[in-house]
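What follows is a set of notes on a single structure, which appears directly below.
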Amino acid sequence: MTARDNILGRIRAAAGRPADSGAPPPAYAGTPLIPARATGTRAELTARFIAMATEAAVTIDRVDVPGDVGAAIAAWLTAEGLGRDLVVAPDPALDVCGLNDGHGFTIRRGAATGGDRISVTPARAGIAETGSLMVTAGPGTPYTLNFLPETHIAVLHADRIVGGYEDAWATIRPNGETGAALPRTVTLITGPSRSSDIERTVTIGVHGPKRLHIVLIGKADGEDT
Amino acid sequence: MTAHQTSLDFSRNAARAQADADLQSALEKLQRDTRLARPVITGRLPEFEALRDRAVEIKNHTLAHLGHYLEAFEANVVAAGGNVHWCEDAAGARETILKICRDAGARTVGKGKSMVSEEIALNDYLIANGLEVVETDLGEYILQLREETPSHVVMPAIHLKKEQIATTFRDHHTELDPARPLDEPGDMTEEARIKLREKFLAADIGITGANMLIAETGSIVVVTNEGNGDLTQTLPRVHIVIAAIEKVVPRIDDALSILRILARSATGQEITCYTTFATGPKRRDDLDGPEEFHLILLDNGRTKLLDGEFRDVLRCIRCGACQSACPVYGAVGGHAYGGVYGGPIGAVLTPALDGIDRAWPLPEASSFCGSCEAVCPMRIPLPGLMRRWRDVAHTRKLNKPGARRGLALWAWAVRRPMLYRFGARLAIAALGTFGRRRGYLRMVLFAGGWTASRDLPAPEGGTFIDRWQKERRGKESA
């Protein structure tokens, strides 16, 4: 008998069920419980996303079109007194963001190393209910870019802002993908890295980024100006 | 000072904890913060109570079909290219992990915070077998340097003052300028960031726990605020996850429901900074991520709780809300409990994991105020389960002979109503006479421990039954 047999045997003895008896769908599955704040018009969700992300110590810049992202990043880095050396996700979506339009950036495309200070990545979704970003690992979006550099700049299209966690997951599992069909990692990022381990005092920037900056492209339907 | 306390020594541990001024001030701050935060964190999400009910449904359904969901989880991990290792107990899990490390030719291990790894005393075992093991959670790193164990499930170093931590850093980081400032938590956080960054980049193996396992996808969920869990599961060539069998939930949506109450109950946050769903090793075209993904699926006593009265405790998601809310934990801290888990969850879980004969004093350490059950997001009836353990301890004659004799005497009397009422009348008359002038008693025979720090209010009038009968007679005659 293997450990597996023993453990499953004890579980089945406790449940009084034979092996291979499937499970009925959970009784609650037909009635999803989604918080009210994860619902609303696109304009409301965008406003809520910005408010909740800001509360989580995220800074947000808005631009009208993808081509303006580079200029916005340059201006923000200058204002923060940060450098111009960027490690940028290989994702082609960032090719049209005007990063090479004479802002003086030194750009490397690829995964992050310990020495990288500033990363630029696309975000898969913005989630209104908690101001979280959803990022996924993939050939164009190395996972380390979200964690190793001190400054993480995420580029998000306003039409990628959704209400709740379920809505964001629906975009990466349109057909109920499982196992290897999923990205290796799906991460919800809510603000920069932090810890309260010393006397419950919040300190920002423990192992992950010290700054999380979002450049939001475009406007949601119904948003003013 | 703290690593070797045992559950059987709870009384002595508690007395020592109460004399420790640093510990007391840390615990007071925790309790004050918890009280202030609670209405804010629950009030901001009107669906909070409904989500708690949903979370209970999710876990109860999963536990009722645990075998099915574990097998489905295993199949999906394997489909994603991962390996699942079923382990019955601590020794089995330790040996399995060591073998994976040896097969990988590993020398260094970076570790994310994991309570179940504390349960199996993993670090000591790996270090004894020649590996370098570094805890990467800031709190756990501090404790590793101090050779202490976590005193709270989510705030492991809550028992320490910043001055103690500064001293620890000066003692261990001797290559740094001794005159550097380490006055504020931010100074120490920065120093730990630099020290640990080297370790992350050098580690051959990353070991993390898992907050949940998702059957329908084969994913693990790891939540952290620091990002150490993510660096641990991405930079090393091999990622080992250690998780107990009750961590599984059926679907992604179920995990999302539980996430809405987990951080809220643990630290008062809406959600932790990082919530990562990881499925298997690096994909072929990925530029980073581990080559190997191993999942240790550990029983360690869970299955024997499944069909009994302690089954509800398997719903626990290790948020620590019961610890933060408990007045007993607030008075003595987590180490006094001796086991891996302090506070109400420890008082219920430690007897199950270590045996009631080695932990019977823990369920005694409760005022039954009900705070733990009130805040538990999984609505685990902790006071009721502690009462059950007291019952078991009493039946097995583990508790103190004096307490057993007193209870036996009371049980004998209460089964003889005439005698019991007569005795109660006598006692009330006596107490009432002694307390007549002031309304309370300064001392009571054999109860010096109680009256040393407070007075006992003296009863006025007769027993409840006498008064009730008198009142009823009054009504009937009216």
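Residues in the structure tokens are named by chain (A, B, ... in the order shown) and by number from 1 within that chain; ligands are numbered from 1 in the order shown.
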
Report as JSON, numbers by chain all protein, DNA and RNA residues lying within 6 Å of stretch 117-133 of chain B, evaluated on only C-alpha atoms, omitting residues in the same chain fewer than 4 positions from it.
{"B": [90, 107, 108, 109]}

Would you kindly return, as a short mmCIF file (atom, residue, chain, number, x, y, z; two decimals) with N, CA and C atoms, in the first residue's frame, each protein, DNA or RNA residue with an atom no farther than 12 Å from any atom of A:Glu223, considering only C-alpha atoms and excluding same-chain residues fewer than 6 positions away?
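Okay, out-v2.cif is ready:
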```cif
data_model
loop_
_atom_site.label_atom_id
_atom_site.label_comp_id
_atom_site.auth_asym_id
_atom_site.auth_seq_id
_atom_site.Cartn_x
_atom_site.Cartn_y
_atom_site.Cartn_z
N THR A 41 -21.53 50.29 -14.25
CA THR A 41 -21.24 50.67 -15.63
C THR A 41 -19.73 50.71 -15.83
N ARG A 42 -19.29 50.75 -17.07
CA ARG A 42 -17.85 50.77 -17.33
C ARG A 42 -17.20 52.01 -16.70
N ALA A 43 -17.92 53.12 -16.76
CA ALA A 43 -17.37 54.34 -16.17
C ALA A 43 -17.25 54.20 -14.65
N GLU A 44 -18.27 53.59 -14.03
CA GLU A 44 -18.22 53.39 -12.57
C GLU A 44 -17.08 52.46 -12.19
N LEU A 45 -16.92 51.39 -12.97
CA LEU A 45 -15.87 50.42 -12.64
C LEU A 45 -14.49 51.05 -12.80
N THR A 46 -14.33 51.89 -13.82
CA THR A 46 -13.04 52.55 -14.01
C THR A 46 -12.74 53.49 -12.85
N ALA A 47 -13.74 54.24 -12.43
CA ALA A 47 -13.55 55.15 -11.30
C ALA A 47 -13.22 54.36 -10.03
N ALA A 158 -7.92 50.83 -20.78
CA ALA A 158 -9.14 51.05 -20.00
C ALA A 158 -10.21 50.02 -20.32
N ASP A 159 -10.22 49.52 -21.55
CA ASP A 159 -11.25 48.52 -21.87
C ASP A 159 -10.94 47.16 -21.27
#
```

I want to know what sits within 12 Å of B:His173, based on only C-alpha atoms, with residues of the same chain fewer than 6 positions away left out; could you give that as number ranges by chain?
B: 142, 145, 165-167, 180, 182, 188, 191-192, 194-196

Dump C-alpha atoms for the selected residues as a PDB file, in the first residue's frame?
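This is the output file selection.pdb:
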```pdb
ATOM      1  CA  ILE B 142      14.008  37.476  11.839  1.00  0.00           C
ATOM      2  CA  LEU B 145      18.174  34.429  12.982  1.00  0.00           C
ATOM      3  CA  ILE B 165      15.084  42.998  15.994  1.00  0.00           C
ATOM      4  CA  ALA B 166      17.711  45.714  15.496  1.00  0.00           C
ATOM      5  CA  THR B 167      19.978  43.930  17.954  1.00  0.00           C
ATOM      6  CA  ARG B 180      24.411  52.214  10.714  1.00  0.00           C
ATOM      7  CA  LEU B 182      18.456  50.719  12.560  1.00  0.00           C
ATOM      8  CA  MET B 188      15.519  46.969   8.939  1.00  0.00           C
ATOM      9  CA  GLU B 191      18.590  45.729   5.155  1.00  0.00           C
ATOM     10  CA  ALA B 192      16.644  42.459   4.963  1.00  0.00           C
ATOM     11  CA  ILE B 194      19.396  43.472   0.381  1.00  0.00           C
ATOM     12  CA  LYS B 195      20.503  40.448   2.402  1.00  0.00           C
ATOM     13  CA  LEU B 196      17.699  38.222   1.139  1.00  0.00           C
TER      14      LEU B 196
END
```

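In terms of minimum interatomic distance to chain B, A:Gly191 ranks closest within A:Gly102, A:Pro90, A:Gly40, A:Gly191, counting only C-alpha atoms.
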
Nearest to B:Gly112 by atom-to-atom distance, counting only C-alpha atoms, from B:Val40, B:Leu138, B:Ile207, B:Leu8:
B:Ile207

Got a sec: who's within 8 Å of A:Gly179, counting only C-alpha atoms, leaving out chain neighbours fewer than 6 positions off, as a PyMOL selection string?
chain B and resi 76-80+217-219+279-280

For a quick test of understanding: name the residues of chain A lying within 6 Å of chain B when counting only C-alpha atoms, and present them as a VMD selection string.
chain A and resid 3 to 4 8 11 14 22 to 23 138 to 139 142 178 to 180 184 to 191 193 to 195 197 to 198 203 206 to 208

Long-range neighbours of stretch 71-79 of chain A as number ranges by chain, 8 Å cut-off, only C-alpha atoms, 6 positions minimum in chain
A: 61, 63, 98-99, 103, 215

Atom CA of B:Ala336 sits from atom CA of B:Ser7 at a separation of 7.3 Å

Polymer residues at most 10 Å from A:Ala38, only C-alpha atoms, same-chain spacing of 3 or more positions, as a list in words:
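The filter keeps Ile34, Pro35, Glu44, Leu45, Arg48, Phe49, Ile127, Ala128, Glu129, Thr130, Val162, Gly163, Gly164, Tyr165, Glu166 and Asp167 of chain A.
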
How many Å lie between atom CA of A:Asn175 and atom CA of A:Ala36, rounded to one decimal?
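Going from atom CA of A:Asn175 over to atom CA of A:Ala36, I get 25.7 Å.
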
For each of A:Glu177, A:Asp64, A:Asp5, A:Glu80, take the minimum atom-to-atom distance to A:Leu156, counting only C-alpha atoms, then give the residue where this is smallest.
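Counting only C-alpha atoms, the residue closest to A:Leu156 is A:Asp64.
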
Contacts of stretch 122-124 of chain A at 7 Å (only C-alpha atoms; same-chain gap of 2+ positions) as a list of chain:residue names
A:Leu133, A:Met134, A:Val135, A:Thr136, A:Ala154, A:Val155, A:Leu156

Just the strand (DSSP E or B) stuff from chain A, please, per backbone DSSP, written as a PyMOL selection string.
chain A and resi 59-63+85-88+106-109+118-122+125-127+132-136+138+141+151-157+161-162+185-189+194-195+203-204+211-217

Could you write out the selected residues, including N, CA and C atoms, as a compact mmCIF listing (two decimals), in the first residue's frame?
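Output file part_21.txt is given in full below:
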```
# COMPACT_ATOMS: atom_id res chain seq x y z
N THR A 59 0.29 54.52 -8.07
CA THR A 59 0.11 55.80 -8.76
C THR A 59 -0.38 55.51 -10.18
N ILE A 60 -1.22 56.39 -10.68
CA ILE A 60 -1.85 56.15 -11.98
C ILE A 60 -1.74 57.40 -12.86
N ASP A 61 -1.33 57.16 -14.09
CA ASP A 61 -1.22 58.19 -15.11
C ASP A 61 -2.19 57.81 -16.22
N ARG A 62 -2.81 58.79 -16.87
CA ARG A 62 -3.72 58.42 -17.97
C ARG A 62 -3.24 59.05 -19.27
N VAL A 63 -3.31 58.28 -20.34
CA VAL A 63 -2.98 58.79 -21.67
C VAL A 63 -4.13 58.41 -22.61
N ASP A 85 17.00 53.44 -17.48
CA ASP A 85 17.28 52.07 -17.94
C ASP A 85 16.07 51.19 -17.67
N LEU A 86 15.48 50.71 -18.76
CA LEU A 86 14.25 49.92 -18.60
C LEU A 86 14.46 48.49 -19.05
N VAL A 87 13.83 47.55 -18.32
CA VAL A 87 13.68 46.20 -18.86
C VAL A 87 12.20 46.06 -19.21
N VAL A 88 11.95 45.76 -20.48
CA VAL A 88 10.59 45.81 -21.02
C VAL A 88 10.15 44.42 -21.46
N THR A 106 17.23 53.51 -22.18
CA THR A 106 18.01 52.34 -22.60
C THR A 106 17.11 51.14 -22.35
N ILE A 107 16.82 50.40 -23.41
CA ILE A 107 15.80 49.36 -23.29
C ILE A 107 16.38 47.99 -23.55
N ARG A 108 16.06 47.05 -22.65
CA ARG A 108 16.36 45.64 -22.89
C ARG A 108 15.02 44.91 -22.82
N ARG A 109 14.76 44.02 -23.77
CA ARG A 109 13.52 43.24 -23.73
C ARG A 109 13.85 41.85 -23.22
N ILE A 118 14.02 49.11 -13.21
CA ILE A 118 12.70 49.56 -13.65
C ILE A 118 12.17 48.60 -14.73
N SER A 119 10.95 48.09 -14.52
CA SER A 119 10.36 47.21 -15.53
C SER A 119 9.10 47.84 -16.10
N VAL A 120 8.82 47.49 -17.35
CA VAL A 120 7.57 47.89 -18.00
C VAL A 120 6.90 46.63 -18.51
N THR A 121 5.65 46.39 -18.09
CA THR A 121 4.92 45.20 -18.53
C THR A 121 3.50 45.59 -18.91
N PRO A 122 2.88 44.77 -19.77
CA PRO A 122 1.45 44.96 -19.97
C PRO A 122 0.69 44.31 -18.81
N ALA A 125 -5.52 42.58 -17.02
CA ALA A 125 -6.81 43.16 -16.64
C ALA A 125 -6.61 44.05 -15.43
N GLY A 126 -7.55 44.97 -15.23
CA GLY A 126 -7.64 45.75 -14.00
C GLY A 126 -8.95 45.38 -13.33
N ILE A 127 -8.91 45.16 -12.03
CA ILE A 127 -10.11 44.65 -11.34
C ILE A 127 -10.62 45.73 -10.39
N SER A 132 -6.99 45.83 -8.22
CA SER A 132 -5.91 44.88 -8.50
C SER A 132 -5.62 44.79 -9.99
N LEU A 133 -4.36 44.51 -10.31
CA LEU A 133 -3.98 44.18 -11.69
C LEU A 133 -3.92 42.67 -11.81
N MET A 134 -4.32 42.14 -12.97
CA MET A 134 -4.06 40.73 -13.23
C MET A 134 -2.94 40.65 -14.25
N VAL A 135 -1.87 39.93 -13.89
CA VAL A 135 -0.78 39.69 -14.84
C VAL A 135 -0.58 38.18 -14.96
N THR A 136 -0.15 37.74 -16.14
CA THR A 136 0.07 36.31 -16.35
C THR A 136 1.48 36.11 -16.89
N GLY A 138 4.12 34.37 -19.40
CA GLY A 138 4.10 33.83 -20.76
C GLY A 138 5.36 34.25 -21.47
N THR A 141 5.60 37.84 -21.47
CA THR A 141 5.44 38.49 -20.17
C THR A 141 6.13 37.69 -19.08
N THR A 151 11.01 49.27 -9.32
CA THR A 151 9.90 50.04 -9.86
C THR A 151 9.23 49.23 -10.96
N HIS A 152 7.93 49.03 -10.82
CA HIS A 152 7.17 48.27 -11.82
C HIS A 152 6.16 49.22 -12.46
N ILE A 153 6.29 49.38 -13.78
CA ILE A 153 5.33 50.21 -14.51
C ILE A 153 4.46 49.26 -15.34
N ALA A 154 3.15 49.30 -15.09
CA ALA A 154 2.23 48.41 -15.81
C ALA A 154 1.38 49.24 -16.76
N VAL A 155 1.24 48.73 -17.97
CA VAL A 155 0.46 49.42 -18.99
C VAL A 155 -0.88 48.70 -19.14
N LEU A 156 -1.96 49.45 -18.96
CA LEU A 156 -3.29 48.84 -18.95
C LEU A 156 -4.24 49.62 -19.85
N HIS A 157 -4.96 48.90 -20.70
CA HIS A 157 -6.00 49.54 -21.52
C HIS A 157 -7.28 49.68 -20.70
N ILE A 161 -10.52 46.96 -17.99
CA ILE A 161 -10.97 47.06 -16.60
C ILE A 161 -12.30 46.33 -16.46
N VAL A 162 -12.31 45.40 -15.49
CA VAL A 162 -13.52 44.59 -15.25
C VAL A 162 -13.96 44.79 -13.80
N THR A 185 1.59 31.10 -14.31
CA THR A 185 1.13 31.89 -13.16
C THR A 185 0.11 32.92 -13.60
N VAL A 186 -0.88 33.10 -12.76
CA VAL A 186 -1.85 34.19 -12.89
C VAL A 186 -1.78 34.92 -11.55
N THR A 187 -1.42 36.20 -11.59
CA THR A 187 -1.21 36.91 -10.34
C THR A 187 -2.07 38.15 -10.24
N LEU A 188 -2.69 38.32 -9.09
CA LEU A 188 -3.39 39.57 -8.79
C LEU A 188 -2.43 40.43 -7.99
N ILE A 189 -2.11 41.60 -8.51
CA ILE A 189 -1.18 42.51 -7.82
C ILE A 189 -1.97 43.71 -7.32
N ARG A 194 4.81 45.03 0.41
CA ARG A 194 4.79 45.64 1.74
C ARG A 194 4.90 44.59 2.83
N SER A 195 5.21 45.04 4.03
CA SER A 195 5.23 44.14 5.18
C SER A 195 4.82 44.90 6.43
N THR A 203 5.63 48.91 6.07
CA THR A 203 6.77 49.41 5.30
C THR A 203 6.61 48.92 3.87
N ILE A 204 6.90 49.78 2.93
CA ILE A 204 6.69 49.49 1.51
C ILE A 204 8.00 49.03 0.88
N ARG A 211 7.68 50.64 -5.89
CA ARG A 211 6.69 51.51 -6.55
C ARG A 211 5.95 50.70 -7.60
N LEU A 212 4.63 50.87 -7.61
CA LEU A 212 3.82 50.30 -8.69
C LEU A 212 3.08 51.46 -9.36
N HIS A 213 3.38 51.67 -10.64
CA HIS A 213 2.83 52.79 -11.38
C HIS A 213 2.05 52.23 -12.57
N ILE A 214 0.83 52.71 -12.75
CA ILE A 214 0.01 52.22 -13.87
C ILE A 214 -0.15 53.34 -14.89
N VAL A 215 0.09 53.01 -16.15
CA VAL A 215 -0.26 53.94 -17.23
C VAL A 215 -1.51 53.39 -17.89
N LEU A 216 -2.60 54.15 -17.74
CA LEU A 216 -3.91 53.71 -18.20
C LEU A 216 -4.20 54.36 -19.55
N ILE A 217 -4.46 53.51 -20.55
CA ILE A 217 -4.65 54.01 -21.92
C ILE A 217 -6.14 54.12 -22.25
```

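Going from atom CA of A:Val69 over to atom CA of A:Thr171, you cover 23.9 Å.
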
Where does DSSP see helix (DSSP H, G or I) in stretch 12-209 of chain A, if you list the residues as a ChimeraX atom specification?
/A:12-15,27-30,36-38,42-55,66-80,92-96,143-146,158-160,165-172,179-181

Generate a file of the selected residues that holds C-alpha atoms, formatted as an mmCIF file, in the first residue's frame.
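In the end it all went to part_38.cif:
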```
data_model
loop_
_atom_site.group_PDB
_atom_site.id
_atom_site.type_symbol
_atom_site.label_atom_id
_atom_site.label_comp_id
_atom_site.auth_asym_id
_atom_site.auth_seq_id
_atom_site.Cartn_x
_atom_site.Cartn_y
_atom_site.Cartn_z
ATOM 1 C CA ARG A 12 -13.294 7.081 1.809
ATOM 2 C CA ALA A 13 -13.825 5.117 4.997
ATOM 3 C CA ALA A 14 -14.715 8.364 6.777
ATOM 4 C CA ALA A 15 -17.115 9.394 4.032
ATOM 5 C CA ALA A 27 -25.225 23.012 -4.346
ATOM 6 C CA TYR A 28 -24.148 26.673 -4.231
ATOM 7 C CA ALA A 29 -22.596 26.640 -7.719
ATOM 8 C CA GLY A 30 -25.752 27.906 -9.392
ATOM 9 C CA ALA A 36 -22.106 44.707 -5.453
ATOM 10 C CA ARG A 37 -18.939 46.753 -5.806
ATOM 11 C CA ALA A 38 -17.736 44.360 -8.523
ATOM 12 C CA ARG A 42 -17.847 50.770 -17.333
ATOM 13 C CA ALA A 43 -17.369 54.342 -16.167
ATOM 14 C CA GLU A 44 -18.216 53.393 -12.570
ATOM 15 C CA LEU A 45 -15.870 50.418 -12.645
ATOM 16 C CA THR A 46 -13.040 52.553 -14.014
ATOM 17 C CA ALA A 47 -13.551 55.147 -11.297
ATOM 18 C CA ARG A 48 -13.644 52.421 -8.648
ATOM 19 C CA PHE A 49 -10.532 50.737 -10.020
ATOM 20 C CA ILE A 50 -8.629 54.026 -9.826
ATOM 21 C CA ALA A 51 -9.891 54.794 -6.326
ATOM 22 C CA MET A 52 -9.100 51.336 -4.936
ATOM 23 C CA ALA A 53 -5.676 51.128 -6.596
ATOM 24 C CA THR A 54 -4.794 54.578 -5.290
ATOM 25 C CA GLU A 55 -5.790 53.463 -1.806
ATOM 26 C CA PRO A 66 -0.869 53.834 -26.780
ATOM 27 C CA GLY A 67 1.663 56.024 -28.604
ATOM 28 C CA ASP A 68 1.695 58.450 -25.634
ATOM 29 C CA VAL A 69 2.786 55.848 -23.077
ATOM 30 C CA GLY A 70 6.519 56.430 -23.628
ATOM 31 C CA ALA A 71 6.251 60.175 -23.034
ATOM 32 C CA ALA A 72 4.139 59.652 -19.913
ATOM 33 C CA ILE A 73 6.659 57.165 -18.496
ATOM 34 C CA ALA A 74 9.548 59.535 -19.235
ATOM 35 C CA ALA A 75 7.803 62.420 -17.477
ATOM 36 C CA TRP A 76 6.940 60.280 -14.448
ATOM 37 C CA LEU A 77 10.470 58.864 -14.120
ATOM 38 C CA THR A 78 11.877 62.394 -14.238
ATOM 39 C CA ALA A 79 9.444 63.611 -11.602
ATOM 40 C CA GLU A 80 10.349 60.672 -9.341
ATOM 41 C CA PRO A 92 4.437 42.986 -28.983
ATOM 42 C CA ALA A 93 1.635 45.035 -27.396
ATOM 43 C CA LEU A 94 4.370 47.284 -25.993
ATOM 44 C CA ASP A 95 5.933 47.845 -29.453
ATOM 45 C CA VAL A 96 3.387 50.567 -30.180
ATOM 46 C CA TYR A 143 7.014 36.687 -14.425
ATOM 47 C CA THR A 144 10.165 38.103 -12.838
ATOM 48 C CA LEU A 145 9.449 41.540 -14.352
ATOM 49 C CA ASN A 146 6.666 41.958 -11.805
ATOM 50 C CA ALA A 158 -9.140 51.055 -19.999
ATOM 51 C CA ASP A 159 -11.252 48.523 -21.866
ATOM 52 C CA ARG A 160 -9.466 45.794 -19.861
ATOM 53 C CA TYR A 165 -12.028 38.651 -9.898
ATOM 54 C CA GLU A 166 -14.350 36.236 -11.738
ATOM 55 C CA ASP A 167 -14.614 38.626 -14.694
ATOM 56 C CA ALA A 168 -10.841 38.811 -14.994
ATOM 57 C CA TRP A 169 -10.494 35.023 -14.797
ATOM 58 C CA ALA A 170 -13.126 34.620 -17.497
ATOM 59 C CA THR A 171 -10.807 36.420 -19.912
ATOM 60 C CA ILE A 172 -8.061 33.811 -19.516
ATOM 61 C CA GLY A 179 -3.524 22.359 -16.220
ATOM 62 C CA ALA A 180 -0.984 23.121 -18.942
ATOM 63 C CA ALA A 181 -3.538 25.130 -20.958
#
```
